[in-house]
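*Asks:* What follows is a single structure, and I will ask about it in a moment.
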Amino acid sequence: MLILGIETSCDDTGVALYDSVAGELVAHAVHSQAAMHEAYGGVVPELASRDHIRRLVPLTRRVLEKRIVDGIGYTAGPGLAGALLVGASFAHALALSLGVPAIGIHHLEGHLLSPLLSAKRPDFPFLALLVSGGHTQLMRVEGVGRYQLLGDTQDDAAGEAFDKTAQLLGLGYPGGPALSKLAERGAPGRYRLPRPMIASGLDFSFSGLKTAVLTLVKNEKADPADLARAFVDAIVEVLVAKCARAVETTGLKRLVVAGGVGANRQLRAALDTEAARRGFEVFYPEPELCTDNGAMIAFAAALRLEKQSGVQRHDFTVRPRWDLTG
């Protein structure tokens, strides 16, 4: 089956084509709206929705290249209401015209399953750390559609804390990658920031960390690079500690890390070190598949459609490939 995936939950328009028989990502295109929203310091929902309308048809034409699809997956939520409506309307209209099924995919399920597109893939069951812009969660994954929430953020997600701290330091939007890059130049240990909830359970809290950065910025002439380093170190230490606790609590030895923050180099390095020390494996999607994209939606839709039909056509023995044409 050839499955088209459409992602329009926020400020990235993603379209991809997945071949579930070959187990191969055939094509993948993403248009980022970051430059458009930068002037406003964040995403403007109405502008995002209108830009999705402009981008979907040309991106779909580029990805399909006259191929005939057998099904269409689209992001059904969570996300910006108008942006989601654009993707859902386009997917259903196209599916109706082609006489193929359309299936809504939860945005976080797409992220959750995205490491299965990589050359190194986990077997079920596994733990998953979802660290995207609006979510920080720990999940137990038994199979497709079989998920148990173990821990959730109580306020700001890690990605939100990254972007808000970047704004405090004058790094613009989107600030997460710029903040991580700045942190690489900072001296460790110059500032000591709190590690919220690090010693308790599997839930997360990052609003206090953001407030601590604001206090330092207001009350003293903090060096931006050193402060960025302190912030990244604090976030990473909390995430690694929670993952280690989840591994110990559940007894599972495979951890998946997905979502935009999952591309962070400092986080990956710290998790790899902890995994080697404690004897568990960590799996990541390729960095270009960490941010919002149509590939993860197409893949999740293929698995869902196969599950509904009762036909297991997916072959994980074939290394996926993709064409980043967006």
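Each chain of the structure tokens is named A, B, ... in the order shown, its residues numbered from 1; ligands are numbered from 1 in display order.
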Residues at most 6 Å from stretch 92-109 of chain A, counting only C-alpha atoms, excluding those fewer than 5 positions away in the same chain, as a VMD selection string?
*Replies:* chain A and resid 70 to 77
*Asks:* Could you please write out, as a PyMOL selection string, every residue of stretch 37-164 of chain A that DSSP assigns to strand (DSSP E)?
*Replies:* chain A and resi 71-77+102-106+126-131+136-143+146-152
*Asks:* Which neighbours of A:Ala16 fall inside 7 Å, counting only C-alpha atoms, when residues of the same chain fewer than 6 positions from it are skipped, and could you give them as a short mmCIF file (atom, residue, chain, number, x, y, z; two decimals) with C-alpha atoms, in the first residue's frame?
*Replies:*
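out35.cif was written with the following content:
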data_model
loop_
_atom_site.label_atom_id
_atom_site.label_comp_id
_atom_site.auth_asym_id
_atom_site.auth_seq_id
_atom_site.Cartn_x
_atom_site.Cartn_y
_atom_site.Cartn_z
CA LEU A 4 0.06 9.62 1.83
CA GLY A 5 0.72 11.46 5.10
CA ILE A 6 -0.33 15.07 5.74
CA ALA A 27 9.22 10.75 -0.57
CA HIS A 28 9.15 13.39 2.14
CA ALA A 29 8.73 17.15 1.85
CA VAL A 63 5.61 13.96 -3.40
CA GLY A 294 4.28 14.02 7.09
CA ALA A 295 6.47 10.91 7.18
CA ALA A 298 2.03 8.36 6.75
#
*Asks:* For A:Asp51, which residue among A:Gln266, A:Thr8, A:Thr136, A:Ser205 is the nearest when counting only C-alpha atoms?
*Replies:*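 With only C-alpha atoms as the atom set, the closest residue is A:Thr8.
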*Asks:* Go through A:Asp11, A:Gly262, A:Ala48, A:Thr250 one by one, measure the shortest atom-to-atom distance of each to A:His135 using only C-alpha atoms, and give the residue with the smallest value.
*Replies:* A:Gly262
*Asks:* With distances taken over only C-alpha atoms, which residue among A:Ala300, A:Leu56, A:Met139, A:Leu169 lies nearest A:Lys221?
*Replies:* A:Leu169
*Asks:* Which residues come within 9 Å of A:Thr165, counting only C-alpha atoms, excluding same-chain residues fewer than 6 positions away, as a list of chain:residue names?
*Replies:*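 In the requested format, the answer is A:Leu171, A:Gly175, A:Gly176, A:Leu179, A:Lys210, A:Thr211, A:Val213, A:Leu214, A:Ala228, A:Phe231.
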*Asks:* For those residues, write all heavy atoms to a file as a PDB file, in the first residue's frame.
*Replies:*
ATOM      1  N   LEU A 171      17.051  35.540  21.589  1.00  0.00           N
ATOM      2  CA  LEU A 171      17.481  34.672  20.495  1.00  0.00           C
ATOM      3  C   LEU A 171      16.430  34.516  19.404  1.00  0.00           C
ATOM      4  O   LEU A 171      16.658  33.816  18.421  1.00  0.00           O
ATOM      5  CB  LEU A 171      17.860  33.291  21.045  1.00  0.00           C
ATOM      6  CG  LEU A 171      19.025  33.282  22.043  1.00  0.00           C
ATOM      7  CD1 LEU A 171      19.277  31.868  22.549  1.00  0.00           C
ATOM      8  CD2 LEU A 171      20.283  33.857  21.406  1.00  0.00           C
ATOM      9  N   GLY A 175      13.399  29.484  19.067  1.00  0.00           N
ATOM     10  CA  GLY A 175      14.599  29.710  19.867  1.00  0.00           C
ATOM     11  C   GLY A 175      15.302  28.475  20.363  1.00  0.00           C
ATOM     12  O   GLY A 175      16.464  28.550  20.779  1.00  0.00           O
ATOM     13  N   GLY A 176      14.617  27.316  20.353  1.00  0.00           N
ATOM     14  CA  GLY A 176      15.218  26.110  20.916  1.00  0.00           C
ATOM     15  C   GLY A 176      16.565  25.740  20.323  1.00  0.00           C
ATOM     16  O   GLY A 176      17.557  25.600  21.047  1.00  0.00           O
ATOM     17  N   LEU A 179      19.239  28.298  21.203  1.00  0.00           N
ATOM     18  CA  LEU A 179      19.633  28.211  22.610  1.00  0.00           C
ATOM     19  C   LEU A 179      20.610  27.067  22.833  1.00  0.00           C
ATOM     20  O   LEU A 179      21.609  27.209  23.548  1.00  0.00           O
ATOM     21  CB  LEU A 179      18.385  28.032  23.479  1.00  0.00           C
ATOM     22  CG  LEU A 179      18.611  27.954  24.982  1.00  0.00           C
ATOM     23  CD1 LEU A 179      19.210  29.253  25.514  1.00  0.00           C
ATOM     24  CD2 LEU A 179      17.304  27.647  25.708  1.00  0.00           C
ATOM     25  N   LYS A 210      12.081  28.131  34.056  1.00  0.00           N
ATOM     26  CA  LYS A 210      11.958  29.319  33.210  1.00  0.00           C
ATOM     27  C   LYS A 210      11.948  30.588  34.080  1.00  0.00           C
ATOM     28  O   LYS A 210      12.585  31.597  33.749  1.00  0.00           O
ATOM     29  CB  LYS A 210      10.680  29.215  32.397  1.00  0.00           C
ATOM     30  CG  LYS A 210      10.356  30.419  31.523  1.00  0.00           C
ATOM     31  CD  LYS A 210       8.924  30.352  31.060  1.00  0.00           C
ATOM     32  CE  LYS A 210       7.968  30.435  32.238  1.00  0.00           C
ATOM     33  NZ  LYS A 210       6.546  30.320  31.845  1.00  0.00           N
ATOM     34  N   THR A 211      11.241  30.536  35.209  1.00  0.00           N
ATOM     35  CA  THR A 211      11.174  31.685  36.109  1.00  0.00           C
ATOM     36  C   THR A 211      12.534  31.995  36.713  1.00  0.00           C
ATOM     37  O   THR A 211      12.905  33.167  36.891  1.00  0.00           O
ATOM     38  CB  THR A 211      10.154  31.423  37.229  1.00  0.00           C
ATOM     39  OG1 THR A 211       8.875  31.147  36.642  1.00  0.00           O
ATOM     40  CG2 THR A 211      10.032  32.622  38.154  1.00  0.00           C
ATOM     41  N   VAL A 213      15.413  31.523  35.299  1.00  0.00           N
ATOM     42  CA  VAL A 213      16.191  32.209  34.259  1.00  0.00           C
ATOM     43  C   VAL A 213      15.777  33.675  34.184  1.00  0.00           C
ATOM     44  O   VAL A 213      16.627  34.577  34.090  1.00  0.00           O
ATOM     45  CB  VAL A 213      15.987  31.522  32.888  1.00  0.00           C
ATOM     46  CG1 VAL A 213      16.655  32.336  31.781  1.00  0.00           C
ATOM     47  CG2 VAL A 213      16.553  30.105  32.912  1.00  0.00           C
ATOM     48  N   LEU A 214      14.479  33.937  34.227  1.00  0.00           N
ATOM     49  CA  LEU A 214      13.975  35.309  34.189  1.00  0.00           C
ATOM     50  C   LEU A 214      14.533  36.131  35.347  1.00  0.00           C
ATOM     51  O   LEU A 214      14.933  37.292  35.168  1.00  0.00           O
ATOM     52  CB  LEU A 214      12.450  35.299  34.240  1.00  0.00           C
ATOM     53  CG  LEU A 214      11.747  36.665  34.295  1.00  0.00           C
ATOM     54  CD1 LEU A 214      12.072  37.478  33.049  1.00  0.00           C
ATOM     55  CD2 LEU A 214      10.241  36.476  34.433  1.00  0.00           C
ATOM     56  N   ALA A 228      22.654  29.989  29.151  1.00  0.00           N
ATOM     57  CA  ALA A 228      22.079  28.985  28.251  1.00  0.00           C
ATOM     58  C   ALA A 228      22.607  27.597  28.608  1.00  0.00           C
ATOM     59  O   ALA A 228      21.850  26.611  28.611  1.00  0.00           O
ATOM     60  CB  ALA A 228      22.411  29.322  26.797  1.00  0.00           C
ATOM     61  N   PHE A 231      20.868  26.370  31.700  1.00  0.00           N
ATOM     62  CA  PHE A 231      19.487  25.974  31.408  1.00  0.00           C
ATOM     63  C   PHE A 231      19.443  24.607  30.725  1.00  0.00           C
ATOM     64  O   PHE A 231      18.675  23.724  31.131  1.00  0.00           O
ATOM     65  CB  PHE A 231      18.828  27.030  30.519  1.00  0.00           C
ATOM     66  CG  PHE A 231      17.473  26.611  30.011  1.00  0.00           C
ATOM     67  CD1 PHE A 231      16.352  26.778  30.798  1.00  0.00           C
ATOM     68  CD2 PHE A 231      17.332  26.049  28.749  1.00  0.00           C
ATOM     69  CE1 PHE A 231      15.097  26.370  30.336  1.00  0.00           C
ATOM     70  CE2 PHE A 231      16.091  25.647  28.284  1.00  0.00           C
ATOM     71  CZ  PHE A 231      14.971  25.810  29.085  1.00  0.00           C
TER      72      PHE A 231
END
*Asks:* Return as JSON lines the residues of stretch 135-209 of chain A lying at most 10 Å from stretch 113-119 of chain A, together with the closest atom-to-atom pair for each and the distance in Å to one decimal, counting only C-alpha atoms, with rows in chain order and ascending residue number.
*Replies:*
{"residue": "A:Val141", "atom": "CA", "partner": "A:Leu113", "partner_atom": "CA", "distance": 9.5}
{"residue": "A:Gly143", "atom": "CA", "partner": "A:Leu113", "partner_atom": "CA", "distance": 9.6}
{"residue": "A:Val144", "atom": "CA", "partner": "A:Leu113", "partner_atom": "CA", "distance": 8.2}
